[in-house]
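Undergrad: Take this structure first; my questions come after.
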Amino acid sequence: MKSVLFVWGGWEGHEPKQCIDIFAPLLRAEGYEVTISDTLDSYLDRERMHSYSLIVQVYTMATITREQEKGLLDAIESGVGFAGWHGGMADAFRQSTDYQFMVGGQWVAHPGNIIDYTVNITNHDHPITAGLNDFRMHSEQYYMHVDPSNHVLATTTFSGEYCPWIAGVVMPVVWTRMWGKGRVSYCSLGHVARDFDVPEARELVRRGMLWASRDER
């Protein structure tokens, strides 16, 4: 049986527990043993960390100790998958550059705040995006600093309406990468739980979790 650890906390504006309440049942339905934690100290239990198939983190901002960070990164490097969305993964631990190196990107802005924009599927062959079409979102459009080694699966283009100097910038929305032997999957959507009422947004995260845990159904 595959197993997953969900870790939530940090800034409550991203509704971390509400979002986990969406995705934990989806993985249970796929046959995963699910553990939910509200403390980063979970990362200190080396034996348990290395036993999971997948870690899903929803922990915006906050801080992580060197020991907690090492526990997480070592587990991923050994082959444990890591997946998440929006700021819960890519705006966590702003002072921890090793963590950001693993994720492959860091949030820096969302011009216009809650706006309408399009997500473009750019890779139609990957298990995370196969069969999905471009779709619209009404939420934050994340502007990010991203690692050029990421394997980008979906993007969004900035209109320049709110920041004219970024007009036409194409920004990754969904990517995968490796950290040692571990698979990492990220989706920038999901500012609040209702964003996952958009079927494509929910499906991108669901498939990303499966892919990161090497469960490509």
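Chain labels follow the order of the structure tokens: the first chain is A, the next B, and so on; residue numbering restarts at 1 in every chain, and ligands are counted from 1 in their shown order.
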Could you pull the residues within 9 Å of Gly9 of chain A, counting only C-alpha atoms, minus those fewer than 4 positions along the same chain, as a tab-separated table (two decimals) with N, CA and C atoms, in the first residue's frame?

TA:
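Contents of around-v6.tsv, freshly written:
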chain	number	residue	atom	x	y	z
A	15	GLU	N	-6.08	28.66	3.28
A	15	GLU	CA	-7.00	27.59	3.66
A	15	GLU	C	-6.34	26.21	3.58
A	16	PRO	N	-5.22	26.03	4.27
A	16	PRO	CA	-4.49	24.77	4.12
A	16	PRO	C	-5.29	23.54	4.52
A	17	LYS	N	-5.99	23.60	5.67
A	17	LYS	CA	-6.74	22.42	6.10
A	17	LYS	C	-7.90	22.14	5.17
A	37	SER	N	-0.75	15.83	9.32
A	37	SER	CA	-0.03	16.44	10.42
A	37	SER	C	-0.10	17.96	10.32
A	38	ASP	N	-0.11	18.64	11.47
A	38	ASP	CA	-0.08	20.09	11.49
A	38	ASP	C	1.20	20.61	12.12
A	39	THR	N	2.27	19.82	12.05
A	39	THR	CA	3.55	20.25	12.59
A	39	THR	C	4.69	19.85	11.67
A	40	LEU	N	5.64	20.76	11.48
A	40	LEU	CA	6.83	20.46	10.70
A	40	LEU	C	7.77	19.50	11.42
A	57	GLN	N	2.77	19.05	1.03
A	57	GLN	CA	2.90	20.13	2.00
A	57	GLN	C	2.03	21.32	1.61
A	58	VAL	N	1.29	21.87	2.59
A	58	VAL	CA	0.50	23.09	2.42
A	58	VAL	C	0.85	23.99	3.59
A	59	TYR	N	1.93	24.77	3.45
A	59	TYR	CA	2.50	25.48	4.59
A	59	TYR	C	3.08	26.81	4.12
A	60	THR	N	2.22	27.78	3.91
A	60	THR	CA	2.65	29.06	3.35
A	60	THR	C	3.45	29.88	4.36
A	62	ALA	N	5.89	31.08	7.04
A	62	ALA	CA	6.41	30.40	8.23
A	62	ALA	C	7.92	30.22	8.10
A	88	GLY	N	1.45	27.15	-0.63
A	88	GLY	CA	1.71	26.12	0.37
A	88	GLY	C	2.97	25.33	0.09

Undergrad: For segment 92-99 of chain A, find every residue with an atom within 10 Å (counting only C-alpha atoms), except residues of its own chain fewer than 4 positions away, and show them as a list in words.

TA: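 Final neighbour list, sorted by chain and number: Gly10, Trp11, Gln57, Val58, Tyr59, Thr60, Met61, Ala62, Thr63, Ile64, Thr65, Arg66, Glu69, Lys70, Leu72, Leu73, His86, Gly87, Gly88, Val103, Gly104, Gly105, Gln106 and Trp107 of chain A.
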
Undergrad: Once DSSP has gone over the backbone, tell me which residues of chain A are in strand (DSSP E), as a PyMOL selection string.

TA: chain A and resi 3-10+33-37+54-60+81-85+105-109+114-121+135-140+143-146+151-157+170-179+182-187

Undergrad: Would you kindly return, as a ChimeraX atom specification, each protein, DNA or RNA residue with an atom no farther than 6 Å from any atom of segment 131-135 of chain A, considering only C-alpha atoms and excluding same-chain residues fewer than 5 positions away?

TA: /A:118-121

Undergrad: Return the single residue from A:Asn150, A:Thr156, A:Gln100, A:Asn123 that is closest to Arg136 of chain A, with distances computed using only C-alpha atoms.

TA: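 Counting only C-alpha atoms, the residue closest to Arg136 of chain A is A:Thr156.
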